[in-house]
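Report on the following structure.
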Amino acid sequence: MIDADVWQYAQYPAFFILGLVVSLINSIAGGGSTLSLPIMIFLGMPATVANGTNRIGLIIGNFSSAINLMKHGYLNKKIFLQLLLPTIAGTAIGAFFLVRLGDRTFQAILACVICLVVVMSNLRKDILGKPPATPPEKLTWKGALGFALISIYGCIVQVGVGFVQIFGLTRYTGLDPIRVNALKNALTNVFLLISTTVLGIAGKIDWPIAIVMAAGAWLGGYCGSFLQRKKGNKFIQHFISATSIAMAIYLVVDLIVS
């Protein structure tokens with residue numbers, strides 16, 4: 001077991017690396033929080049505080065990746081503006097429930113969601129048919145409803161929302177993966193900024209750890225945006241699947257024995 005005095009200083013480089021790795025994974029594929037949240041809870045942080053603290057790094061990492069992709073012309077601003085209002089509306093609804101979740105309830109939801117994310121990440125994206133050849137000219141009611149629901153989920157739990165967004169954006173726009181990721185990162189920051197503000201007001205953020213993770217996340221998001229065209233996602237997703245299942249088992253066992 002690590003000595004408490006040693007861990008007081010060692011935790012900062014450890015959380016810096018965690019923020020970097022999670023942001024790198026999120027910028028390319030999604031699901032990085034299936035690693036960071038269980039690890040933070042395992043290290044003794046209350047589940048709702050881990051949820052709030054983790055989001056600071058996610059905001060910075062997503063912003064870093066989105067800005068870099070936008071500079072290179074990959075962000076479809078028309079689709080982003082189409083989906084902005086449904087995203088804000090869903091976030092407002094999600095924020096109402098967010099601060100009312102207790103630690104044990106959130107931990108139970110997290111364990112279930114991790115398992116579902118592992119399954120979803122291995123499904124074919126065209127399971128419901130082929131995406132459109134070109135993005136829609138106007139926002140459809142199905143698109144508005146779908147992305148509002150995604151934002152409600154992303155605001156409350158956030159874990160695995162990247163996979164859901166990739167699936168939804170691919171189905172809705174028919175864009176290639178790098179442009180889908182640019183949209184995903186930009187829209188994610190909309191509900192993250194609102195939900196994290198709510199959690200910060202509620203005192204659910206460990207700011208020293210959050211700042212250290214954010215520094216790592218900026219580097220991870222920047223590096224991840226350059227790796228978009230490379231085929232490394234299968235290894236990352238397999239790694240997430242194996243680790244996430246182990247962490248989900250830990251969360252369930254912890255709930256049962258505590």
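Naming works like this for the structure tokens: A, B, ... for the chains as they're shown, residue 1 at the start of each chain, ligands 1 onward in shown order.
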What are the closest atom pairs, with distances in Å to one decimal, for all residues of stretch 12-66 of chain A lying within 9 Å of stretch 214-222 of chain A? Consider only C-alpha atoms, order rows by chain and residue number, and present the result as a Markdown table.
```
| residue | atom | partner | partner_atom | distance |
| --- | --- | --- | --- | --- |
| A:Phe15 | CA | A:Gly216 | CA | 7.9 |
| A:Phe16 | CA | A:Gly216 | CA | 4.7 |
| A:Ile17 | CA | A:Gly216 | CA | 6.1 |
| A:Leu18 | CA | A:Gly216 | CA | 7.4 |
| A:Gly19 | CA | A:Ala217 | CA | 4.7 |
| A:Leu20 | CA | A:Gly216 | CA | 4.2 |
| A:Val21 | CA | A:Gly220 | CA | 6.2 |
| A:Val22 | CA | A:Ala217 | CA | 7.2 |
| A:Ser23 | CA | A:Gly220 | CA | 5.0 |
| A:Leu24 | CA | A:Gly220 | CA | 4.4 |
| A:Ile25 | CA | A:Gly220 | CA | 8.1 |
| A:Asn26 | CA | A:Gly221 | CA | 7.9 |
| A:Ser27 | CA | A:Gly221 | CA | 5.8 |
| A:Ile28 | CA | A:Gly221 | CA | 8.7 |
| A:Asn54 | CA | A:Ala214 | CA | 8.6 |
| A:Arg55 | CA | A:Ala214 | CA | 8.8 |
| A:Ile56 | CA | A:Ala214 | CA | 6.0 |
| A:Gly57 | CA | A:Ala214 | CA | 3.8 |
| A:Leu58 | CA | A:Ala217 | CA | 6.8 |
| A:Ile59 | CA | A:Ala214 | CA | 7.9 |
| A:Ile60 | CA | A:Trp218 | CA | 5.5 |
| A:Gly61 | CA | A:Gly221 | CA | 4.4 |
| A:Asn62 | CA | A:Gly221 | CA | 6.2 |
| A:Phe63 | CA | A:Gly221 | CA | 7.7 |
| A:Ser64 | CA | A:Gly221 | CA | 5.4 |
| A:Ser65 | CA | A:Gly221 | CA | 4.7 |
| A:Ala66 | CA | A:Gly221 | CA | 8.4 |
```
Find the spatial neighbours of A:Met70, counting only C-alpha atoms, within a cut-off of 12 Å - ignore same-chain residues fewer than 3 positions away - and output them as a list in words.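 That gives Asn62, Phe63, Ser64, Ser65, Ala66, Ile67, Gly73, Tyr74, Leu75, Asn76, Lys77, Phe80, Ile178, Arg179, Val180, Asn181, Ala182, Leu183, Lys184, Asn185, Ala186 and Ser225 of chain A.
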For a test of reading the model, state the distance in Å between atom CA of A:Asp206 and atom CA of A:Thr48, rounded to one decimal.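 Between atom CA of A:Asp206 and atom CA of A:Thr48 the gap is 10.6 Å.
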Given the choices A:Ala210, A:Ala95, A:Ile256, A:Cys223, which gets closest to A:Val198 if the distance is worked out from only C-alpha atoms? A:Ala95
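Among the candidates A:Leu81, A:Asn68, A:Gln165, A:Phe106, the residue lying nearest to A:Gly52 is A:Phe106 (atoms considered: only C-alpha atoms).
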Need to verify the contact set: stretch 166-172 of chain A, 8 Å, only C-alpha atoms, exclusion of same-chain residues closer than 2 positions in sequence. Can you return it as number ranges by chain? A: 125-126, 130-132, 135-136, 143, 146-147, 162-164, 174-177, 180-181, 183-184
To one decimal in Å, tell me the separation between atom CA of A:Ala202 and atom CA of A:Asn51.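 Rounded to one decimal, the two atoms are 12.2 Å apart.
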Among the residues A:Thr140, A:Thr173, A:Thr105, A:Thr87, the one that comes closest to A:Asn189 [using only C-alpha atoms]: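 Result for the nearest residue to A:Asn189: A:Thr87.
Counting only C-alpha atoms, the residue from A:Ala111, A:Leu193, A:Leu149, A:Leu199 that sits nearest to A:Val253 is A:Ala111.
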Between atom CA of A:Gln158 and atom CA of A:Lys71, what is the distance, to one decimal in Å?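 These atoms are spaced 26.3 Å apart.
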